[in-house]
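To keep things clear, I will list the structure first and then write my remarks on it.
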Amino acid sequence: MDKTQLDLVRGTLDVLILKSLVWGPLHGYAITSLIRRQTDDVLLVEEGTLYPALWRLEGKGLVEAEWGVSENNRKAKFYRLTTAGRRHLKQETRTWEAYAAAVGKVLGATRPPLAEEQ
Amino acid sequence: MSAIPLWRRYARLLGADPLADVDDELRFHLEAKVDDLVAQGWTLRDARREARRQFGDLRAVRQTGERLGRERGQRRQRKDYWGAFRQDLRYALRIERRDRAFTIITVLILALGIAANTAVFSVVDTVLLRPLPFADSQRLTWFTSGRDLSASIRGAAGLSGVTYTVDAYEEFARHNRSFQAVAAYDPFFSDAEFTLTGRRDPQPVAAVRVSQNLFPMLGIQPMLGRLFTPDECKKGGRPAVLLSYPFWQRAFGGDPAIVGQTVTFGKQAATVVGVMPASFDFGSVFSPGTRFDVYIPAVMDELRNWGNTLAIIGRLNPGVSVAQAQSEATILFPQLKAAHPDWYEDYASTITTLKDFVSGKLRRALIVLWCAVGLILLIVCVNLSNLMLARAAARSKEFAMRSALGAGRGRLFRQLLTESLVLSVAGCVLGLGLAYALTAYFAHQGSIALPLLSSVRVDGAALGWTILIAAAATLLFGCAAGIKASTGNLQDTLKDTGAGLSTGRRHERLRATLVVSQVALACVLLIGAGLLMRSFLRVLDVDMGFRPSQAAVMRIDYDDGNSRAKRGAILEEMLRNVDAIPGVEVAGVADMLPLGRNRSWELAAKGRVYPKDASTVVMVRIVTPGYLAAMGMRLRAGRDFTWRDSASSEKVVIINEAAARYHWPGQDPIGRIGLGGSDKEVRVIGIVANVRENSLEESVGPEMYLPETQADPEGAELVVRTKLPPEALASTIMKTLRKLNPDQPAAEFQPLRQIVDHAVSPRRFFMLLVACFATLGLILAALGIYGVISYSVTRQTQEIGIRMALGATAPQVQLDVIGKAMRLALIGIAFGGIGSLAAARWIGSLLFGTSPADPATFAAIVLLLAAVALAAGYIPARRASRIDPANALRGF
């Protein structure tokens, strides 16, 4: 896990966290594992940075937390997407897609752009 | 995620703990990671190290978590707090709407208390606390000459005794080192009264002569035009005049084009060089209760030979203290006197700050006033506490219910405080409105001789003060009920009996204590007001030496060309004409009236050797025949002047009793020779009773009267004694005067009584205010007694019913209830009486002819309070005696 790993674009982590919660409540460790699995280990999330991001989302009311018990019977804090979080995720996804499409267009170009007329 | 285990419920038993939450969460993460790694075949040790490595900076994350958690906690607390506040507020508003009568009374009482406090604070702030409205005013000082003169001589010399000659002023200004500038004005406003002619009817104009540097020194800039130039202040310079703002508005309709134009005052034309700003009111600072229309240059060379004519104001050099300036003046004036043997006195001077001069005399009175309104506020708070307690008692079931449903004591307390806050805010708003009206009213009382009164208004400081006292009041009257409500016995209250229980009785004791303190406070106020009122009556009762009723005065104008013979002829003709008007009993003219301006000359008994320090200064009035009679003065011996005492006949003088006693002790002065100012011999032809010249409250010094034909007057006032109201005569007299002198100004024909009223206006002002406050206090105390007794009657309805069923008669029941009221009142009066003795001694210096322990006042107030208590107790007593036993007992 060295060369193909990309540094996360700032702010993207929030979207990834929100997205990983759409299937149901998860604790922090599950979120890191999920992101790692889904990105096929391409994105490097330094696990520690996940938590401040989670707490901030909690502060903004995009996720809410509740203490529960994990699969192997340890007490763990579970996060759940709020309605506001869901709405936020939708909006961010659209923004991201538009952004990616635009970047993709430029990078995938085969001809130089036409010179604009004065 | 499975169900929450039972233990989790207690994990945060002692409140949220964000730090522990963070630790738990991070620990779980690491443990899960280690488990996974071990499952992948790592050794436990390596797995732990790897988990840490992958996690990153554990400590930083923990710190962030801690910080975020704390912030969230605070935010939630704030939200909860305001949420609860909103809830309380809504509830309070609902309660106040339901209890409309209670709300109106409470808000009104509070508004009165707050209005009184704010208004008085505005006055205190303007007069005492705020600096004078001049640039860098703490460096301005006032000079009072005649420091070494005894009080009686100073009284005899009047204004002349505390003022300076032009020479003394100029020499001091030249030689001192303490002052950046020394300026002067002529406080004998008399000779600066003019008539504005050439525009409509001639109008009277009051002017004040100021030195060229006075306005620059005070830091006052004209609103239009410029100040005086040095040339305009020299003899023979171009006559110039500065208009005051009100006069500019009144006489010239606020026309800016007036600057540079020439106006005519009497015979003299002067150029208007500027208009002073509206904020500058010379009279309100230097001569309260007097209005000045214009400022003219004090031409020193013209005033030089007129004796003491100047009042001096200095601006200290930066860093020089008043004490340093004083010690310099103490050395400098005698040195100057030594250098000028012709000086009449050495002008030993007292230097004070200008602020002290302006408001020093009022300090005590204003502080007393301040304390009086403070007492009122206290009474208001006690009264409101009582009302709130009564209501809390009525709502005790509600509180008990809420308590049973889980509301903590703190929560109930807060609810009650919120309710008092709502009342407070309403009272505050209404009170501020009242205070605005009150201060606006004060500011327009131009005739009250209090300094700076015209600039009194509710400003930021007063607003702050109001908010402060309102907050204090809220706490004071909210707490009593709050404490009571939050400590009540839940079970007792919830049991549906209520009446006759020990809690009720305890409750009543607290209310009784409040009423007693209220009566005591009101008693102190009333006795203070009573003493002040008695002093005021004593002042009005003073033998003034003249009769102010049935007489009126008017400033007159004539042109005598400075010839005594011509003046005699003019005045004789004028008075003959005025005397002939139907309704006029007698008329006379004097240059100055009592209780106003004054000046002093010299008089000594011929042939008598005076002790070295003895003063031969007497006040002087220049009068016509008939003046003494018109003023209602009493001739003790000898005769009045006649028109035969002319410029060419023997010089004559009439003296007052004080002068007779001082200069001819043990002799009959009639027919004896006195020596006037420049050793001119005058024969004493009459003695009049002393007239209060300076103020009604000071004893009288020696005084003399000279005929208009033998001395030079300063101005002229026509005094007419008539049984008709002055308005009825005014037009006839004006017509007569205009016939003789077309330039006679349209001066006001003023009842002589007004002059006396003006002199006592500060005392009347204070007395009236304190009396108002005392009345308010009395009403509140009566309300308090009524409330408590009425409540106890309601509470004891059944008890009274039983007694009546057992044979008690209505009078017995009444007596019992009234007795209870009287007991409260008497305890209050006893405490109040003791407090009053101390308070009265403290205001002793404000009293006049009244002992601080004046038995009549004390007795009257005690009786008044007892009578009011009786009345307040009688109403519930009557209600008690009408209780129908059958009805009352049915309630059991």
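Following the order of the structure tokens, first chain is A, next is B, and so on, with residues numbered from 1 inside each chain and ligands from 1 in the order they appear.
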
message: Can you tell me which residues surround segment 548-564 of chain B at a distance of at most 9 Å, considering only C-alpha atoms, apart from same-chain residues fewer than 3 positions away, and format the answer as a PyMOL selection string?
response: chain B and resi 194-195+204+266+544+567-571+589+630-632+646-647+708-712+715-726+737+740-741+743-745+747-756

query: segment 78-89 of chain A: which residues within 8 Å, counting only C-alpha atoms, same-chain residues fewer than 2 positions away excluded, as a PyMOL selection string?
result: (chain A and resi 15+18-19+21-22+24-28+61-68+76+91-93) or (chain B and resi 1)

Could you dump the residues just selected with N, CA and C atoms as a PDB file, in the first residue's frame?
ATOM      1  N   VAL A  15     -17.710  13.611   2.769  1.00  0.00           N
ATOM      2  CA  VAL A  15     -18.670  12.969   1.854  1.00  0.00           C
ATOM      3  C   VAL A  15     -18.559  11.451   1.974  1.00  0.00           C
ATOM      4  N   LEU A  18     -20.264  10.274   5.106  1.00  0.00           N
ATOM      5  CA  LEU A  18     -21.717  10.325   4.968  1.00  0.00           C
ATOM      6  C   LEU A  18     -22.204   9.167   4.099  1.00  0.00           C
ATOM      7  N   LYS A  19     -21.465   8.976   3.000  1.00  0.00           N
ATOM      8  CA  LYS A  19     -21.873   7.922   2.066  1.00  0.00           C
ATOM      9  C   LYS A  19     -21.833   6.548   2.746  1.00  0.00           C
ATOM     10  N   LEU A  21     -22.458   5.807   5.583  1.00  0.00           N
ATOM     11  CA  LEU A  21     -23.507   5.597   6.579  1.00  0.00           C
ATOM     12  C   LEU A  21     -24.885   5.384   5.952  1.00  0.00           C
ATOM     13  N   VAL A  22     -24.962   5.483   4.619  1.00  0.00           N
ATOM     14  CA  VAL A  22     -26.304   5.409   4.026  1.00  0.00           C
ATOM     15  C   VAL A  22     -26.933   4.030   4.209  1.00  0.00           C
ATOM     16  N   GLY A  24     -26.788   2.267   6.934  1.00  0.00           N
ATOM     17  CA  GLY A  24     -27.153   2.003   8.309  1.00  0.00           C
ATOM     18  C   GLY A  24     -26.090   2.504   9.262  1.00  0.00           C
ATOM     19  N   PRO A  25     -26.402   2.497  10.558  1.00  0.00           N
ATOM     20  CA  PRO A  25     -25.478   3.016  11.564  1.00  0.00           C
ATOM     21  C   PRO A  25     -24.191   2.191  11.621  1.00  0.00           C
ATOM     22  N   LEU A  26     -23.056   2.870  11.798  1.00  0.00           N
ATOM     23  CA  LEU A  26     -21.758   2.207  11.894  1.00  0.00           C
ATOM     24  C   LEU A  26     -20.938   2.880  12.978  1.00  0.00           C
ATOM     25  N   HIS A  27     -20.006   2.114  13.568  1.00  0.00           N
ATOM     26  CA  HIS A  27     -19.059   2.793  14.468  1.00  0.00           C
ATOM     27  C   HIS A  27     -17.843   3.216  13.658  1.00  0.00           C
ATOM     28  N   GLY A  28     -17.002   4.021  14.291  1.00  0.00           N
ATOM     29  CA  GLY A  28     -15.882   4.648  13.605  1.00  0.00           C
ATOM     30  C   GLY A  28     -14.984   3.642  12.885  1.00  0.00           C
ATOM     31  N   GLY A  61     -24.763  18.461  13.021  1.00  0.00           N
ATOM     32  CA  GLY A  61     -26.074  17.811  12.973  1.00  0.00           C
ATOM     33  C   GLY A  61     -26.283  16.966  11.731  1.00  0.00           C
ATOM     34  N   LEU A  62     -25.181  16.632  11.002  1.00  0.00           N
ATOM     35  CA  LEU A  62     -25.341  15.811   9.794  1.00  0.00           C
ATOM     36  C   LEU A  62     -25.376  14.329  10.150  1.00  0.00           C
ATOM     37  N   VAL A  63     -24.700  14.007  11.265  1.00  0.00           N
ATOM     38  CA  VAL A  63     -24.827  12.637  11.775  1.00  0.00           C
ATOM     39  C   VAL A  63     -25.176  12.748  13.251  1.00  0.00           C
ATOM     40  N   GLU A  64     -25.789  11.671  13.791  1.00  0.00           N
ATOM     41  CA  GLU A  64     -25.970  11.677  15.239  1.00  0.00           C
ATOM     42  C   GLU A  64     -25.410  10.380  15.796  1.00  0.00           C
ATOM     43  N   ALA A  65     -24.993  10.452  17.076  1.00  0.00           N
ATOM     44  CA  ALA A  65     -24.271   9.315  17.639  1.00  0.00           C
ATOM     45  C   ALA A  65     -25.045   8.725  18.801  1.00  0.00           C
ATOM     46  N   GLU A  66     -24.825   7.449  19.005  1.00  0.00           N
ATOM     47  CA  GLU A  66     -25.446   6.790  20.136  1.00  0.00           C
ATOM     48  C   GLU A  66     -24.530   5.652  20.562  1.00  0.00           C
ATOM     49  N   TRP A  67     -24.429   5.443  21.857  1.00  0.00           N
ATOM     50  CA  TRP A  67     -23.579   4.342  22.317  1.00  0.00           C
ATOM     51  C   TRP A  67     -24.312   3.017  22.150  1.00  0.00           C
ATOM     52  N   GLY A  68     -23.565   2.031  21.719  1.00  0.00           N
ATOM     53  CA  GLY A  68     -24.165   0.713  21.555  1.00  0.00           C
ATOM     54  C   GLY A  68     -23.102  -0.356  21.792  1.00  0.00           C
ATOM     55  N   ALA A  76     -19.399   0.631  21.851  1.00  0.00           N
ATOM     56  CA  ALA A  76     -18.892   1.431  20.743  1.00  0.00           C
ATOM     57  C   ALA A  76     -19.892   2.520  20.423  1.00  0.00           C
ATOM     58  N   GLN A  91     -26.402  16.563  -2.203  1.00  0.00           N
ATOM     59  CA  GLN A  91     -25.921  17.802  -2.813  1.00  0.00           C
ATOM     60  C   GLN A  91     -24.433  17.702  -3.124  1.00  0.00           C
ATOM     61  N   GLU A  92     -23.684  17.172  -2.156  1.00  0.00           N
ATOM     62  CA  GLU A  92     -22.234  17.054  -2.342  1.00  0.00           C
ATOM     63  C   GLU A  92     -21.898  16.086  -3.477  1.00  0.00           C
ATOM     64  N   THR A  93     -22.706  15.038  -3.555  1.00  0.00           N
ATOM     65  CA  THR A  93     -22.468  14.048  -4.613  1.00  0.00           C
ATOM     66  C   THR A  93     -22.610  14.696  -5.987  1.00  0.00           C
TER      67      THR A  93
ATOM     68  N   MET B   1     -25.863  -3.340  15.689  1.00  0.00           N
ATOM     69  CA  MET B   1     -26.049  -2.682  16.977  1.00  0.00           C
ATOM     70  C   MET B   1     -27.160  -3.373  17.754  1.00  0.00           C
TER      71      MET B   1
END

Taking only C-alpha atoms into account, produce a table as CSV in which each residue of chain A with an atom at most 10 Å from an atom of chain B appears once, together with its shortest atom pair and the distance in Å to one decimal, ordered by chain and rising number.
residue,atom,partner,partner_atom,distance
A:Gly24,CA,B:Met1,CA,9.9
A:Pro25,CA,B:Met1,CA,7.9
A:Leu26,CA,B:Met1,CA,8.3
A:His27,CA,B:His29,CA,8.6
A:Gly28,CA,B:His29,CA,6.9
A:Tyr29,CA,B:His29,CA,5.2
A:Ala30,CA,B:His29,CA,8.7
A:Thr32,CA,B:His29,CA,9.7
A:Ser33,CA,B:Lys33,CA,9.5
A:Leu44,CA,B:Gln54,CA,9.9
A:Val45,CA,B:Gln54,CA,8.9
A:Glu46,CA,B:Phe55,CA,5.9
A:Glu47,CA,B:Phe55,CA,4.5
A:Gly48,CA,B:Phe55,CA,4.6
A:Thr49,CA,B:Val61,CA,7.1
A:Leu50,CA,B:Val61,CA,9.1
A:Tyr51,CA,B:Val61,CA,7.2
A:Pro52,CA,B:Gly65,CA,6.3
A:Ala53,CA,B:Gly65,CA,9.8
A:Leu54,CA,B:Gly65,CA,9.8
A:Trp55,CA,B:Gly65,CA,7.1
A:Arg56,CA,B:Leu68,CA,7.5
A:Glu58,CA,B:Arg72,CA,9.6
A:Gly59,CA,B:Arg72,CA,6.8
A:Lys60,CA,B:Arg72,CA,10.0
A:Glu66,CA,B:Ile4,CA,9.4
A:Trp67,CA,B:Ile4,CA,7.4
A:Gly68,CA,B:Ile4,CA,5.6
A:Val69,CA,B:Met1,CA,5.9
A:Ser70,CA,B:Met1,CA,6.1
A:Glu71,CA,B:Met1,CA,7.3
A:Asn72,CA,B:Ala32,CA,8.8
A:Asn73,CA,B:Ser2,CA,9.1
A:Arg74,CA,B:Phe28,CA,7.3
A:Lys75,CA,B:Phe28,CA,7.4
A:Ala76,CA,B:Glu25,CA,6.2
A:Lys77,CA,B:Glu25,CA,6.2
A:Phe78,CA,B:Met1,CA,7.8

Would you save the residues of that selection, restricted to N, CA and C atoms, as a JSON list (two decimals), in the first residue's frame?
[["chain", "number", "residue", "atom", "x", "y", "z"],
["A", 24, "GLY", "N", -26.79, 2.27, 6.93],
["A", 24, "GLY", "CA", -27.15, 2.00, 8.31],
["A", 24, "GLY", "C", -26.09, 2.50, 9.26],
["A", 25, "PRO", "N", -26.40, 2.50, 10.56],
["A", 25, "PRO", "CA", -25.48, 3.02, 11.56],
["A", 25, "PRO", "C", -24.19, 2.19, 11.62],
["A", 26, "LEU", "N", -23.06, 2.87, 11.80],
["A", 26, "LEU", "CA", -21.76, 2.21, 11.89],
["A", 26, "LEU", "C", -20.94, 2.88, 12.98],
["A", 27, "HIS", "N", -20.01, 2.11, 13.57],
["A", 27, "HIS", "CA", -19.06, 2.79, 14.47],
["A", 27, "HIS", "C", -17.84, 3.22, 13.66],
["A", 28, "GLY", "N", -17.00, 4.02, 14.29],
["A", 28, "GLY", "CA", -15.88, 4.65, 13.60],
["A", 28, "GLY", "C", -14.98, 3.64, 12.88],
["A", 29, "TYR", "N", -14.66, 2.54, 13.57],
["A", 29, "TYR", "CA", -13.74, 1.57, 12.98],
["A", 29, "TYR", "C", -14.34, 0.94, 11.73],
["A", 30, "ALA", "N", -15.65, 0.67, 11.81],
["A", 30, "ALA", "CA", -16.35, 0.09, 10.66],
["A", 30, "ALA", "C", -16.32, 1.05, 9.48],
["A", 32, "THR", "N", -13.95, 3.27, 8.75],
["A", 32, "THR", "CA", -12.63, 3.22, 8.09],
["A", 32, "THR", "C", -12.48, 1.96, 7.24],
["A", 33, "SER", "N", -12.93, 0.85, 7.80],
["A", 33, "SER", "CA", -12.79, -0.39, 7.05],
["A", 33, "SER", "C", -13.58, -0.33, 5.76],
["A", 44, "LEU", "N", -5.88, 6.61, 0.97],
["A", 44, "LEU", "CA", -5.30, 6.42, 2.29],
["A", 44, "LEU", "C", -6.03, 7.33, 3.28],
["A", 45, "VAL", "N", -6.70, 6.70, 4.18],
["A", 45, "VAL", "CA", -7.26, 7.50, 5.27],
["A", 45, "VAL", "C", -6.43, 7.18, 6.50],
["A", 46, "GLU", "N", -5.69, 8.15, 6.98],
["A", 46, "GLU", "CA", -5.01, 7.94, 8.24],
["A", 46, "GLU", "C", -6.12, 7.84, 9.25],
["A", 47, "GLU", "N", -6.21, 6.68, 9.90],
["A", 47, "GLU", "CA", -7.44, 6.38, 10.62],
["A", 47, "GLU", "C", -7.82, 7.45, 11.64],
["A", 48, "GLY", "N", -6.76, 8.05, 12.26],
["A", 48, "GLY", "CA", -7.03, 9.06, 13.29],
["A", 48, "GLY", "C", -7.82, 10.24, 12.77],
["A", 49, "THR", "N", -7.54, 10.65, 11.52],
["A", 49, "THR", "CA", -8.20, 11.86, 11.01],
["A", 49, "THR", "C", -9.69, 11.66, 10.83],
["A", 50, "LEU", "N", -10.12, 10.43, 10.81],
["A", 50, "LEU", "CA", -11.54, 10.16, 10.63],
["A", 50, "LEU", "C", -12.37, 10.75, 11.78],
["A", 51, "TYR", "N", -11.82, 10.63, 12.99],
["A", 51, "TYR", "CA", -12.65, 10.97, 14.15],
["A", 51, "TYR", "C", -12.99, 12.46, 14.26],
["A", 52, "PRO", "N", -11.98, 13.35, 14.17],
["A", 52, "PRO", "CA", -12.36, 14.77, 14.19],
["A", 52, "PRO", "C", -13.41, 15.09, 13.14],
["A", 53, "ALA", "N", -13.26, 14.47, 11.93],
["A", 53, "ALA", "CA", -14.23, 14.73, 10.87],
["A", 53, "ALA", "C", -15.61, 14.25, 11.31],
["A", 54, "LEU", "N", -15.65, 13.08, 11.91],
["A", 54, "LEU", "CA", -16.93, 12.54, 12.40],
["A", 54, "LEU", "C", -17.56, 13.46, 13.43],
["A", 55, "TRP", "N", -16.75, 13.90, 14.37],
["A", 55, "TRP", "CA", -17.27, 14.75, 15.46],
["A", 55, "TRP", "C", -17.79, 16.07, 14.92],
["A", 56, "ARG", "N", -17.05, 16.58, 13.91],
["A", 56, "ARG", "CA", -17.53, 17.85, 13.34],
["A", 56, "ARG", "C", -18.87, 17.65, 12.66],
["A", 58, "GLU", "N", -21.01, 15.52, 13.48],
["A", 58, "GLU", "CA", -21.98, 15.38, 14.56],
["A", 58, "GLU", "C", -22.39, 16.76, 15.07],
["A", 59, "GLY", "N", -21.35, 17.66, 15.22],
["A", 59, "GLY", "CA", -21.63, 19.02, 15.69],
["A", 59, "GLY", "C", -22.54, 19.76, 14.74],
["A", 60, "LYS", "N", -22.38, 19.50, 13.42],
["A", 60, "LYS", "CA", -23.21, 20.20, 12.44],
["A", 60, "LYS", "C", -24.59, 19.58, 12.33],
["A", 66, "GLU", "N", -24.83, 7.45, 19.00],
["A", 66, "GLU", "CA", -25.45, 6.79, 20.14],
["A", 66, "GLU", "C", -24.53, 5.65, 20.56],
["A", 67, "TRP", "N", -24.43, 5.44, 21.86],
["A", 67, "TRP", "CA", -23.58, 4.34, 22.32],
["A", 67, "TRP", "C", -24.31, 3.02, 22.15],
["A", 68, "GLY", "N", -23.57, 2.03, 21.72],
["A", 68, "GLY", "CA", -24.16, 0.71, 21.55],
["A", 68, "GLY", "C", -23.10, -0.36, 21.79],
["A", 69, "VAL", "N", -23.39, -1.56, 21.39],
["A", 69, "VAL", "CA", -22.44, -2.64, 21.59],
["A", 69, "VAL", "C", -22.07, -3.23, 20.23],
["A", 70, "SER", "N", -20.78, -3.45, 20.04],
["A", 70, "SER", "CA", -20.31, -3.91, 18.74],
["A", 70, "SER", "C", -20.53, -5.40, 18.57],
["A", 71, "GLU", "N", -20.19, -5.94, 17.35],
["A", 71, "GLU", "CA", -20.39, -7.35, 17.02],
["A", 71, "GLU", "C", -19.71, -8.23, 18.05],
["A", 72, "ASN", "N", -18.48, -7.81, 18.47],
["A", 72, "ASN", "CA", -17.79, -8.65, 19.44],
["A", 72, "ASN", "C", -17.98, -8.12, 20.87],
["A", 73, "ASN", "N", -19.17, -7.54, 21.09],
["A", 73, "ASN", "CA", -19.60, -7.20, 22.44],
["A", 73, "ASN", "C", -18.75, -6.18, 23.19],
["A", 74, "ARG", "N", -18.24, -5.25, 22.43],
["A", 74, "ARG", "CA", -17.57, -4.12, 23.11],
["A", 74, "ARG", "C", -18.47, -2.91, 22.97],
["A", 75, "LYS", "N", -18.39, -1.95, 23.97],
["A", 75, "LYS", "CA", -19.23, -0.76, 23.81],
["A", 75, "LYS", "C", -18.59, 0.13, 22.76],
["A", 76, "ALA", "N", -19.40, 0.63, 21.85],
["A", 76, "ALA", "CA", -18.89, 1.43, 20.74],
["A", 76, "ALA", "C", -19.89, 2.52, 20.42],
["A", 77, "LYS", "N", -19.36, 3.58, 19.84],
["A", 77, "LYS", "CA", -20.25, 4.71, 19.50],
["A", 77, "LYS", "C", -20.68, 4.53, 18.05],
["A", 78, "PHE", "N", -21.97, 4.46, 17.86],
["A", 78, "PHE", "CA", -22.51, 4.25, 16.52],
["A", 78, "PHE", "C", -23.01, 5.57, 15.96]]

query: Could you name the residues that touch Gly835 of chain B at 10 Å or less, counting only C-alpha atoms, but leaving out those on the same chain fewer than 2 positions away, as a PyMOL selection string?
result: chain B and resi 520-521+523-525+527+829-833+837-840

- request: Find the residues near Thr165 of chain B: any atom within 7 Å, counting only C-alpha atoms, skip ones fewer than 3 places away on the same chain, and give them as a VMD selection string.
  value: chain B and resid 168 to 169 304 307 to 310

Using only C-alpha atoms, please write the residues we just selected to a file, as an mmCIF file, in the first residue's frame.
data_model
loop_
_atom_site.group_PDB
_atom_site.id
_atom_site.type_symbol
_atom_site.label_atom_id
_atom_site.label_comp_id
_atom_site.auth_asym_id
_atom_site.auth_seq_id
_atom_site.Cartn_x
_atom_site.Cartn_y
_atom_site.Cartn_z
ATOM 1 C CA ALA B 168 -6.887 93.987 40.831
ATOM 2 C CA TYR B 169 -8.004 91.732 38.005
ATOM 3 C CA ARG B 304 -11.933 100.941 36.067
ATOM 4 C CA GLY B 307 -14.963 99.832 42.317
ATOM 5 C CA ASN B 308 -15.454 96.108 42.562
ATOM 6 C CA THR B 309 -17.128 95.213 39.319
ATOM 7 C CA LEU B 310 -15.606 91.976 38.121
#

Name the residues of chain A that fall into alpha helix (DSSP H) according to DSSP on the backbone, using the chain letters and numbers of this document, as a PDB file with C-alpha atoms, in the first residue's frame.
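Everything below was put into selection-v3.pdb:
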ATOM      1  CA  THR A  12     -13.872  14.730   0.517  1.00  0.00           C
ATOM      2  CA  LEU A  13     -13.566  12.686   3.676  1.00  0.00           C
ATOM      3  CA  ASP A  14     -16.836  14.194   4.927  1.00  0.00           C
ATOM      4  CA  VAL A  15     -18.670  12.969   1.854  1.00  0.00           C
ATOM      5  CA  LEU A  16     -17.121   9.521   2.133  1.00  0.00           C
ATOM      6  CA  ILE A  17     -18.192   9.249   5.759  1.00  0.00           C
ATOM      7  CA  LEU A  18     -21.717  10.325   4.968  1.00  0.00           C
ATOM      8  CA  LYS A  19     -21.873   7.922   2.066  1.00  0.00           C
ATOM      9  CA  SER A  20     -20.647   4.988   4.178  1.00  0.00           C
ATOM     10  CA  GLY A  28     -15.882   4.648  13.605  1.00  0.00           C
ATOM     11  CA  TYR A  29     -13.735   1.567  12.977  1.00  0.00           C
ATOM     12  CA  ALA A  30     -16.354   0.092  10.660  1.00  0.00           C
ATOM     13  CA  ILE A  31     -16.405   3.351   8.699  1.00  0.00           C
ATOM     14  CA  THR A  32     -12.627   3.221   8.095  1.00  0.00           C
ATOM     15  CA  SER A  33     -12.787  -0.393   7.050  1.00  0.00           C
ATOM     16  CA  LEU A  34     -15.709   0.293   4.743  1.00  0.00           C
ATOM     17  CA  ILE A  35     -13.974   3.219   3.030  1.00  0.00           C
ATOM     18  CA  ARG A  36     -10.786   1.177   2.647  1.00  0.00           C
ATOM     19  CA  ARG A  37     -12.645  -1.789   1.207  1.00  0.00           C
ATOM     20  CA  GLN A  38     -14.742   0.222  -1.208  1.00  0.00           C
ATOM     21  CA  GLU A  47      -7.443   6.385  10.618  1.00  0.00           C
ATOM     22  CA  GLY A  48      -7.029   9.063  13.286  1.00  0.00           C
ATOM     23  CA  THR A  49      -8.199  11.860  11.008  1.00  0.00           C
ATOM     24  CA  LEU A  50     -11.536  10.163  10.631  1.00  0.00           C
ATOM     25  CA  TYR A  51     -12.648  10.975  14.152  1.00  0.00           C
ATOM     26  CA  PRO A  52     -12.356  14.773  14.191  1.00  0.00           C
ATOM     27  CA  ALA A  53     -14.231  14.727  10.874  1.00  0.00           C
ATOM     28  CA  LEU A  54     -16.929  12.544  12.396  1.00  0.00           C
ATOM     29  CA  TRP A  55     -17.274  14.749  15.456  1.00  0.00           C
ATOM     30  CA  ARG A  56     -17.525  17.847  13.337  1.00  0.00           C
ATOM     31  CA  LEU A  57     -20.269  16.252  11.297  1.00  0.00           C
ATOM     32  CA  GLU A  58     -21.983  15.384  14.556  1.00  0.00           C
ATOM     33  CA  GLY A  59     -21.625  19.022  15.694  1.00  0.00           C
ATOM     34  CA  LYS A  60     -23.210  20.202  12.439  1.00  0.00           C
ATOM     35  CA  THR A  83     -32.099  13.807   7.393  1.00  0.00           C
ATOM     36  CA  ALA A  84     -29.941  16.881   7.072  1.00  0.00           C
ATOM     37  CA  GLY A  85     -26.938  14.601   6.513  1.00  0.00           C
ATOM     38  CA  ARG A  86     -28.738  12.725   3.764  1.00  0.00           C
ATOM     39  CA  ARG A  87     -29.656  15.978   2.026  1.00  0.00           C
ATOM     40  CA  HIS A  88     -26.109  17.232   2.368  1.00  0.00           C
ATOM     41  CA  LEU A  89     -24.720  14.039   0.897  1.00  0.00           C
ATOM     42  CA  LYS A  90     -26.996  14.260  -2.117  1.00  0.00           C
ATOM     43  CA  GLN A  91     -25.921  17.802  -2.813  1.00  0.00           C
ATOM     44  CA  GLU A  92     -22.234  17.054  -2.342  1.00  0.00           C
ATOM     45  CA  THR A  93     -22.468  14.048  -4.613  1.00  0.00           C
ATOM     46  CA  ARG A  94     -23.909  16.189  -7.393  1.00  0.00           C
ATOM     47  CA  THR A  95     -21.187  18.780  -6.928  1.00  0.00           C
ATOM     48  CA  TRP A  96     -18.540  16.096  -6.939  1.00  0.00           C
ATOM     49  CA  GLU A  97     -19.858  14.470 -10.078  1.00  0.00           C
ATOM     50  CA  ALA A  98     -19.986  17.780 -11.924  1.00  0.00           C
ATOM     51  CA  TYR A  99     -16.446  18.526 -10.794  1.00  0.00           C
ATOM     52  CA  ALA A 100     -15.152  15.107 -11.771  1.00  0.00           C
ATOM     53  CA  ALA A 101     -16.878  15.313 -15.148  1.00  0.00           C
ATOM     54  CA  ALA A 102     -15.316  18.698 -15.837  1.00  0.00           C
ATOM     55  CA  VAL A 103     -11.845  17.553 -14.854  1.00  0.00           C
ATOM     56  CA  GLY A 104     -12.359  14.334 -16.794  1.00  0.00           C
ATOM     57  CA  LYS A 105     -13.313  16.270 -19.929  1.00  0.00           C
ATOM     58  CA  VAL A 106     -10.136  18.294 -19.847  1.00  0.00           C
ATOM     59  CA  LEU A 107      -7.905  15.363 -19.090  1.00  0.00           C
TER      60      LEU A 107
END
